[in-house]
Every structure is written in C-alpha cells, then in structure tokens.
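Here is my_file.csv, consisting of CSV, C-alpha atoms:
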chain,number,residue,atom,x,y,z
A,242,MET,CA,-3.2,10.0,-3.9
A,243,GLU,CA,0.0,9.9,-6.1
A,244,ARG,CA,0.4,7.3,-8.8
A,245,HIS,CA,2.3,4.2,-8.1
A,246,LEU,CA,5.7,3.4,-9.5
A,247,LEU,CA,5.7,-0.4,-9.1
A,248,SER,CA,3.1,-3.0,-9.3
A,249,LYS,CA,3.4,-6.7,-8.6
A,250,SER,CA,4.3,-7.5,-12.2
A,251,THR,CA,6.9,-4.7,-12.5
A,252,PHE,CA,8.4,-5.7,-9.2
A,253,ILE,CA,8.8,-9.2,-10.4
A,254,ARG,CA,10.3,-7.8,-13.6
A,255,SER,CA,12.8,-5.8,-11.6
A,256,ASN,CA,13.8,-8.9,-9.6
A,257,GLN,CA,14.5,-10.7,-12.9
A,258,CYS,CA,16.3,-7.8,-14.6
A,259,LEU,CA,16.5,-4.1,-13.7
A,260,LYS,CA,17.2,-3.3,-17.4
A,261,SER,CA,13.9,-4.9,-18.4
A,262,LEU,CA,12.2,-2.8,-15.7
A,263,TYR,CA,13.7,0.3,-17.2
A,264,LEU,CA,12.9,-0.5,-20.8
A,265,ASN,CA,9.3,-1.5,-19.8
A,266,LYS,CA,8.8,2.0,-18.3
A,267,LYS,CA,10.9,4.2,-20.5
A,268,ARG,CA,11.2,2.4,-23.8
A,269,PRO,CA,8.0,0.3,-24.2
A,270,PHE,CA,8.1,0.7,-28.0
A,271,LEU,CA,11.1,-1.7,-28.0
A,272,ARG,CA,9.0,-4.5,-26.6
A,273,ASP,CA,8.7,-7.7,-28.6
A,274,LYS,CA,5.3,-8.5,-30.1
A,275,LEU,CA,3.1,-10.6,-27.8
A,276,SER,CA,3.0,-14.2,-29.0
A,277,PRO,CA,-0.2,-16.1,-29.3
A,278,GLN,CA,1.1,-18.5,-26.6
A,279,GLN,CA,1.7,-15.6,-24.2
A,280,ARG,CA,-1.7,-14.1,-24.9
A,281,ALA,CA,-3.4,-17.4,-24.3
A,282,LYS,CA,-1.5,-17.7,-21.0
A,283,PHE,CA,-2.9,-14.3,-19.8
A,284,GLN,CA,-6.4,-15.3,-20.8
A,285,ARG,CA,-6.1,-18.6,-18.8
A,286,GLY,CA,-5.0,-16.7,-15.8
A,287,HIS,CA,-8.1,-14.5,-15.8
A,288,LYS,CA,-10.3,-17.5,-16.3
A,289,ILE,CA,-8.8,-19.4,-13.3
A,290,GLY,CA,-9.1,-16.3,-11.2
A,291,GLU,CA,-12.8,-16.0,-11.9
A,292,LEU,CA,-13.3,-19.7,-11.2
A,293,ALA,CA,-11.5,-19.4,-7.8
A,294,GLN,CA,-13.9,-16.7,-6.7
A,295,GLN,CA,-16.6,-19.4,-6.5
A,296,LEU,CA,-14.7,-20.7,-3.5
A,297,PHE,CA,-15.8,-17.6,-1.7
A,298,PRO,CA,-19.2,-16.6,-3.1
A,299,GLY,CA,-21.0,-13.3,-2.4
A,300,GLY,CA,-18.0,-11.0,-2.7
A,301,ILE,CA,-17.8,-7.6,-4.4
A,302,ASP,CA,-15.6,-7.2,-7.5
A,303,MET,CA,-13.3,-4.2,-7.1
A,304,ARG,CA,-11.3,-4.8,-10.2
A,305,PRO,CA,-10.1,-1.5,-11.7
A,306,LYS,CA,-11.6,-1.0,-15.1
A,307,SER,CA,-8.6,0.9,-16.4
A,308,PRO,CA,-5.2,2.1,-15.0
A,309,SER,CA,-6.8,5.5,-14.3
A,310,GLN,CA,-8.9,3.9,-11.6
A,311,TYR,CA,-6.1,2.3,-9.6
A,312,GLN,CA,-5.8,5.0,-6.9
A,313,LYS,CA,-9.6,5.4,-6.8
A,314,ARG,CA,-10.0,1.7,-6.1
A,315,VAL,CA,-7.4,1.8,-3.4
A,316,LEU,CA,-9.5,4.4,-1.6
A,317,GLU,CA,-12.8,2.5,-2.2
A,318,VAL,CA,-11.3,-0.8,-0.8
A,319,LYS,CA,-10.0,1.1,2.2
A,320,HIS,CA,-13.5,2.4,2.8
A,321,LEU,CA,-15.1,-1.0,2.6
A,322,ILE,CA,-12.6,-2.3,5.1
A,323,ASP,CA,-12.8,0.6,7.5
A,324,THR,CA,-16.6,0.6,7.5
A,325,ASN,CA,-16.7,-3.2,7.9
A,326,SER,CA,-19.2,-3.3,5.1
A,327,GLN,CA,-17.8,-6.2,3.1
A,328,ASN,CA,-16.3,-9.5,4.2
A,329,ILE,CA,-15.2,-10.8,0.7
A,330,ILE,CA,-13.5,-8.6,-1.8
A,331,TYR,CA,-12.3,-9.7,-5.2
A,332,GLU,CA,-9.4,-7.8,-6.9
A,333,ALA,CA,-8.7,-5.6,-3.8
A,334,SER,CA,-6.3,-2.8,-4.5
A,335,PHE,CA,-3.8,-1.5,-1.9
A,336,GLN,CA,-1.0,1.1,-2.2
A,337,TYR,CA,2.0,1.9,0.0
A,338,ASP,CA,5.2,3.9,-0.7
A,339,GLN,CA,4.4,4.1,-4.4
A,340,LEU,CA,3.9,0.3,-4.6
A,341,LEU,CA,0.6,-1.1,-5.8
A,342,ALA,CA,-0.9,-4.5,-5.1
A,343,ILE,CA,-4.2,-5.9,-6.5
A,344,LEU,CA,-5.0,-9.0,-4.5
A,345,ASP,CA,-7.1,-11.7,-6.1
A,346,ILE,CA,-9.3,-12.4,-3.0
A,347,LEU,CA,-9.5,-10.9,0.5
A,348,VAL,CA,-11.7,-12.7,3.0
A,349,LYS,CA,-12.6,-11.7,6.5
A,350,VAL,CA,-12.9,-14.5,9.1
A,351,GLY,CA,-14.1,-13.3,12.4
A,352,ASP,CA,-12.1,-10.1,13.0
A,353,GLU,CA,-9.2,-11.1,10.9
A,354,TRP,CA,-8.4,-11.1,7.2
A,355,ILE,CA,-6.9,-13.8,5.0
A,356,ALA,CA,-5.3,-13.0,1.6
A,357,TYR,CA,-5.6,-15.4,-1.3
A,358,GLU,CA,-3.6,-15.2,-4.6
A,359,VAL,CA,-4.7,-17.5,-7.4
A,360,LYS,CA,-2.3,-19.2,-9.8
A,361,SER,CA,-3.1,-21.0,-13.0
A,362,SER,CA,-0.5,-23.7,-12.4
A,363,LEU,CA,-0.2,-27.2,-11.0
A,364,GLY,CA,2.1,-26.2,-8.2
A,365,ILE,CA,3.9,-23.4,-6.3
A,366,TYR,CA,7.1,-21.8,-7.5
A,367,ASP,CA,9.7,-19.4,-6.0
A,368,THR,CA,8.3,-16.5,-8.0
A,369,TYR,CA,4.9,-17.0,-6.6
A,370,ILE,CA,6.3,-16.8,-3.1
A,371,LEU,CA,8.1,-13.6,-4.0
A,372,ASP,CA,5.0,-11.9,-5.5
A,373,SER,CA,3.0,-13.0,-2.5
A,374,ALA,CA,5.6,-11.4,-0.2
A,375,PHE,CA,5.4,-8.2,-2.3
A,376,GLN,CA,1.6,-8.0,-1.8
A,377,TYR,CA,1.9,-8.9,1.9
A,378,TYR,CA,4.3,-6.0,2.3
A,379,ILE,CA,2.0,-3.5,0.8
A,380,ILE,CA,-1.2,-4.8,2.4
A,381,THR,CA,0.1,-4.9,5.9
A,382,ASN,CA,1.9,-1.6,5.7
A,383,SER,CA,-1.4,-0.1,4.5
A,384,GLY,CA,-2.8,-1.0,8.0
A,385,ILE,CA,-4.4,-4.4,7.3
A,386,ASN,CA,-3.5,-7.2,9.7
A,387,LEU,CA,-3.4,-10.4,7.7
A,388,LYS,CA,-3.9,-13.6,9.6
A,389,ASP,CA,-2.6,-15.7,6.7
A,390,PHE,CA,-1.5,-15.5,3.1
A,391,LYS,CA,-2.5,-18.4,0.9
A,392,LEU,CA,-1.9,-19.5,-2.7
A,393,ILE,CA,-4.6,-21.2,-4.6
A,394,HIS,CA,-3.5,-23.4,-7.5
A,395,ILE,CA,-4.8,-26.3,-9.7
A,396,ASP,CA,-4.8,-29.6,-7.9
A,397,PRO,CA,-2.4,-31.8,-10.0
A,398,ASP,CA,-4.5,-34.9,-9.1
A,399,TYR,CA,-7.7,-33.4,-10.5
A,400,GLU,CA,-9.2,-35.3,-13.4
A,401,PHE,CA,-10.1,-32.9,-16.2
A,402,GLU,CA,-13.4,-34.1,-17.5
A,403,GLY,CA,-16.6,-32.1,-18.0
A,404,GLN,CA,-17.4,-28.9,-16.1
A,405,PRO,CA,-15.1,-28.4,-13.1
A,406,GLU,CA,-16.0,-29.2,-9.5
A,407,ILE,CA,-14.7,-26.1,-7.9
A,408,GLY,CA,-14.2,-27.6,-4.5
A,409,LYS,CA,-11.9,-30.3,-6.0
A,410,LEU,CA,-10.3,-28.3,-8.7
A,411,PHE,CA,-8.2,-26.1,-6.4
A,412,LYS,CA,-5.7,-26.6,-3.6
A,413,GLU,CA,-5.0,-23.9,-0.9
A,414,VAL,CA,-1.5,-23.6,0.6
A,415,SER,CA,-0.4,-21.2,3.3
A,416,VAL,CA,2.9,-19.4,2.4
A,417,LEU,CA,2.9,-17.0,5.3
A,418,ASP,CA,6.1,-18.3,6.9
A,419,GLU,CA,8.0,-17.9,3.6
A,420,VAL,CA,6.5,-14.5,2.9
A,421,LEU,CA,7.5,-13.1,6.3
A,422,LYS,CA,11.1,-14.1,5.7
A,423,LEU,CA,11.2,-12.0,2.5
A,424,GLN,CA,9.9,-8.7,3.9
A,425,ASP,CA,13.3,-7.0,4.3
A,426,TYR,CA,14.2,-8.1,0.8
A,427,ILE,CA,11.0,-6.6,-0.6
A,428,LYS,CA,11.8,-3.3,0.9
A,429,GLU,CA,15.4,-3.3,-0.4
A,430,GLN,CA,14.5,-4.5,-3.9
A,431,SER,CA,11.6,-2.0,-4.2
A,432,LEU,CA,14.1,0.8,-3.4
A,433,ARG,CA,16.6,-0.5,-6.1
A,434,ALA,CA,13.8,-0.7,-8.6
A,435,LYS,CA,12.6,2.8,-7.9
A,436,GLU,CA,16.1,4.2,-8.1
A,437,THR,CA,16.6,2.4,-11.5
A,438,LEU,CA,13.5,4.2,-12.9
A,439,LYS,CA,15.2,7.5,-12.1
A,440,LEU,CA,18.2,6.8,-14.3
A,441,GLU,CA,18.7,8.8,-17.5
A,442,LYS,CA,19.5,5.6,-19.5
A,443,SER,CA,19.0,1.9,-19.0
A,444,PRO,CA,21.5,0.1,-16.8
A,445,ASN,CA,24.3,-1.7,-18.5
A,446,ILE,CA,23.3,-5.3,-18.0
A,447,GLU,CA,24.5,-7.9,-20.5
A,448,PRO,CA,21.9,-10.4,-21.8
A,449,GLY,CA,22.1,-13.8,-20.3
A,450,GLU,CA,20.2,-16.4,-18.3
A,451,GLN,CA,18.0,-13.8,-16.7
A,452,CYS,CA,16.4,-13.1,-20.1
A,453,THR,CA,14.3,-16.3,-19.8
A,454,ASN,CA,14.4,-17.1,-16.1
A,455,PRO,CA,11.9,-17.3,-14.6
A,456,TYR,CA,9.9,-15.8,-17.5
A,457,PRO,CA,10.7,-15.0,-21.1
A,458,CYS,CA,11.5,-11.3,-21.2
A,459,ASP,CA,9.6,-9.2,-23.8
A,460,PHE,CA,12.8,-7.2,-24.7
A,461,ILE,CA,14.8,-10.2,-25.9
A,462,GLY,CA,14.7,-8.9,-29.5
A,463,HIS,CA,16.2,-5.6,-28.4
A,464,CYS,CA,18.8,-6.9,-26.0
A,465,TRP,CA,20.0,-9.7,-28.2
A,466,LYS,CA,19.9,-7.8,-31.5
A,467,LYS,CA,23.8,-7.8,-31.8
A,468,TYR,CA,23.9,-11.6,-31.5
A,469,PRO,CA,23.2,-14.0,-34.4
A,470,PRO,CA,19.8,-15.8,-34.4
A,471,GLU,CA,21.3,-19.1,-33.4
A,472,GLU,CA,22.7,-17.7,-30.2
A,473,ARG,CA,19.5,-16.0,-29.1
A,474,PRO,CA,17.3,-17.7,-26.4
A,475,GLN,CA,14.8,-20.3,-27.7
A,476,ILE,CA,11.4,-19.9,-25.9
A,477,GLU,CA,9.4,-23.0,-25.2
A,478,TYR,CA,5.8,-23.0,-24.1
A,479,LYS,CA,4.3,-25.8,-22.1
A,480,ASN,CA,1.1,-27.3,-23.4
A,481,GLU,CA,-0.2,-29.0,-20.3
A,482,ASP,CA,-3.5,-31.0,-20.3
A,483,PHE,CA,-5.3,-28.7,-18.0
A,484,TYR,CA,-4.7,-25.8,-20.4
A,485,ASN,CA,-6.7,-27.6,-23.0
A,486,PHE,CA,-9.3,-28.3,-20.4
A,487,LEU,CA,-9.6,-24.7,-19.4
A,488,ASN,CA,-10.2,-23.6,-22.9
A,489,LYS,CA,-13.4,-25.7,-22.9
A,490,ILE,CA,-14.9,-24.0,-19.8
A,491,LYS,CA,-17.6,-21.5,-20.6
Write-out of the structure in structure tokens:
Amino acid sequence: MERHLLSKSTFIRSNQCLKSLYLNKKRPFLRDKLSPQQRAKFQRGHKIGELAQQLFPGGIDMRPKSPSQYQKRVLEVKHLIDTNSQNIIYEASFQYDQLLAILDILVKVGDEWIAYEVKSSLGIYDTYILDSAFQYYIITNSGINLKDFKLIHIDPDYEFEGQPEIGKLFKEVSVLDEVLKLQDYIKEQSLRAKETLKLEKSPNIEPGEQCTNPYPCDFIGHCWKKYPPEERPQIEYKNEDFYNFLNKIK
C-alpha cells in the first residue's frame, strides 16, 4: 500500500492555508518552535481521548506506534472488520485515494458501524464538522457503511470536582447530516491540496486572517518576517477551568 499524502490534520491545514500545507510538507525546518501552551493542548487531547474510550469498554487499541505503521494498521483494521472479530476499535486507521484517517472510536451496533470522534472542548465548532466530514469520506469510500458519525465533547454543565464520572463528563452529538453535505467539498479540497504538494515552490499567498483562524499557524514567524513585530498576529490561549481539572486526572 502506497503512503498517504494527506491526513486529517494536514487536510485541515490545507483548508486554512495551502501555503501552510506546502511549508509543512516541503519546508518543515521553517516551522515556529512549539509553545508550552500548544504542547499542553496536545497532551490534553490525548488524555480526553483515553477517557472517552471508557464509554465503550473492551475495545482493541489499534493506534499506530509510529508513522511507519500507518499503512500496516490500515490493513490490520480492515482484517478486523472483514472477519467480524472486533466490535469496538480505538484509533482505527483507514486510507483511500492517498488520504489517511485515524478515527478515535469505531463501534459496531448490530450489523452497522458508528464512528465517534473525541474533542477536548466544551462544544462543537465548524472545523470539527469539517474534519469529521474528511474522516467520513475516507471511511465510507474504504467500503465501511457508517450508520452515524458522532462527536464526543466535554459537557459544559459538568462540575469539575474529584475524579470524573465518565457517563456525565461527555456529550454525544450526531453530525451526520452536516457531514454528508460536505462530501463533494472534501473531494474537491483534497484534490487542491494534493496538487499544491506537487508545486516546485510554495503558493504565493499573502499573510492575513488565515494565519490565526481557526488555529494559529506554526509558520507565522516565516510568513510575517518582513513585517514589524507590532503588526504580527498576537496569539492568545484560553485557560478554561476544565483544562486545569484535566491536569489533575491521573
């Protein structure tokens, strides 16, 4: 199996800025140094994902241990599904048309599958719908018929005291209708992104609002180097109560 060109994160990057996508692939040495806030955000995301697995106990963890295992895991997950040997799969890998998706939780109910993506946030945002649509596109084109696609996020009404009550900590929301509406766009944007990666030099895109929306780009230092410091984007990091709560969970 050939290696993928786009993952969920690089697809979302391409949607924000094709120049950022190109630099990420071709000029990674230009990337800004990862801030402590960003590193903590990634760690929180992993912690929330592990907690959400407790909603569906007894599954098998198919998380790739390194990038070299991505395609191997795709084949292994396919085998589990084809042989009907596992009803709950954590970190299930799928690949289609050089696009890779690693789904947080895949659950079989009866003869049908439901996909779950976990978010370490208090609500649902447009980018979450978009990355869900990307994963749905890959999974269903891989031959898996999904009955539903749901997002799991922190319940904003949950009171953060002591160890978490998993059943109350999370909310599940179906985003299938929104995801279906985006399937043509996923196909079109994936093609644009793959064509961008074939260019000999980065696309000529001036820095602007896309540098921080929806996420702070990690090439701001490179793209804004000709501008005085006072004109460069100022990055703010939210410090929500539940982040502090999560840091206490063992």
Do you know which residues are at most 9 Å from Phe390 of chain A counting only C-alpha atoms, after dropping those on the same chain fewer than 3 positions away, and could you put them as an MDAnalysis selection string? chainID A and resid 355:358 373:374 377 387 414:418 420
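Here atom CA of Ile379 of chain A is placed at a distance of 7.2 Å from atom CA of Leu341 of chain A.
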Quick one, how far is atom CA of Pro269 of chain A from atom CA of Ser255 of chain A?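 About the pair atom CA of Pro269 of chain A and atom CA of Ser255 of chain A: they are 14.8 Å apart.
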Need the shell around Lys409 of chain A: protein/DNA/RNA residues with any atom at most 9 Å away, counting all atoms listed in the file. Skip same-chain ones fewer than 5 positions apart. Format as a list in words?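 The contact residues come out as Ile395, Asp396 and Tyr399 of chain A.
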For Leu432 of chain A, work out the shell of residues within 12 Å, counting all atoms listed in the file and skipping chain neighbours fewer than 2 positions away, then give it as a PDB file with C-alpha atoms, in the coordinates of the input.
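Output below, filename result_14.pdb:
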ATOM      1  CA  LEU A 246       5.700   3.400  -9.500  1.00  0.00           C
ATOM      2  CA  LEU A 247       5.700  -0.400  -9.100  1.00  0.00           C
ATOM      3  CA  PHE A 252       8.400  -5.700  -9.200  1.00  0.00           C
ATOM      4  CA  SER A 255      12.800  -5.800 -11.600  1.00  0.00           C
ATOM      5  CA  ASN A 256      13.800  -8.900  -9.600  1.00  0.00           C
ATOM      6  CA  LEU A 259      16.500  -4.100 -13.700  1.00  0.00           C
ATOM      7  CA  ASP A 338       5.200   3.900  -0.700  1.00  0.00           C
ATOM      8  CA  GLN A 339       4.400   4.100  -4.400  1.00  0.00           C
ATOM      9  CA  LEU A 340       3.900   0.300  -4.600  1.00  0.00           C
ATOM     10  CA  ASP A 425      13.300  -7.000   4.300  1.00  0.00           C
ATOM     11  CA  TYR A 426      14.200  -8.100   0.800  1.00  0.00           C
ATOM     12  CA  ILE A 427      11.000  -6.600  -0.600  1.00  0.00           C
ATOM     13  CA  LYS A 428      11.800  -3.300   0.900  1.00  0.00           C
ATOM     14  CA  GLU A 429      15.400  -3.300  -0.400  1.00  0.00           C
ATOM     15  CA  GLN A 430      14.500  -4.500  -3.900  1.00  0.00           C
ATOM     16  CA  ALA A 434      13.800  -0.700  -8.600  1.00  0.00           C
ATOM     17  CA  LYS A 435      12.600   2.800  -7.900  1.00  0.00           C
ATOM     18  CA  GLU A 436      16.100   4.200  -8.100  1.00  0.00           C
ATOM     19  CA  THR A 437      16.600   2.400 -11.500  1.00  0.00           C
ATOM     20  CA  LEU A 438      13.500   4.200 -12.900  1.00  0.00           C
ATOM     21  CA  LYS A 439      15.200   7.500 -12.100  1.00  0.00           C
TER      22      LYS A 439
END
Residues at most 7 Å from Tyr331 of chain A, counting all atoms listed in the file, excluding those fewer than 3 positions away in the same chain, as a compact mmCIF listing (two decimals) with C-alpha atoms, in the coordinates of the input?
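Saved to out_21.txt:
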# COMPACT_ATOMS: atom_id res chain seq x y z
CA GLY A 300 -18.00 -11.00 -2.70
CA ILE A 301 -17.80 -7.60 -4.40
CA ASP A 302 -15.60 -7.20 -7.50
CA MET A 303 -13.30 -4.20 -7.10
CA ASP A 345 -7.10 -11.70 -6.10
CA ILE A 346 -9.30 -12.40 -3.00
CA LEU A 347 -9.50 -10.90 0.50
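One distance worth recording is that between atom CA of Glu413 of chain A and atom CA of Val359 of chain A, which is 9.1 Å.
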Please determine, counting only C-alpha atoms, which residue among A:Tyr369, A:Trp465, A:Tyr311, A:Phe375 has the shortest atom-to-atom distance to Glu450 of chain A. A:Trp465
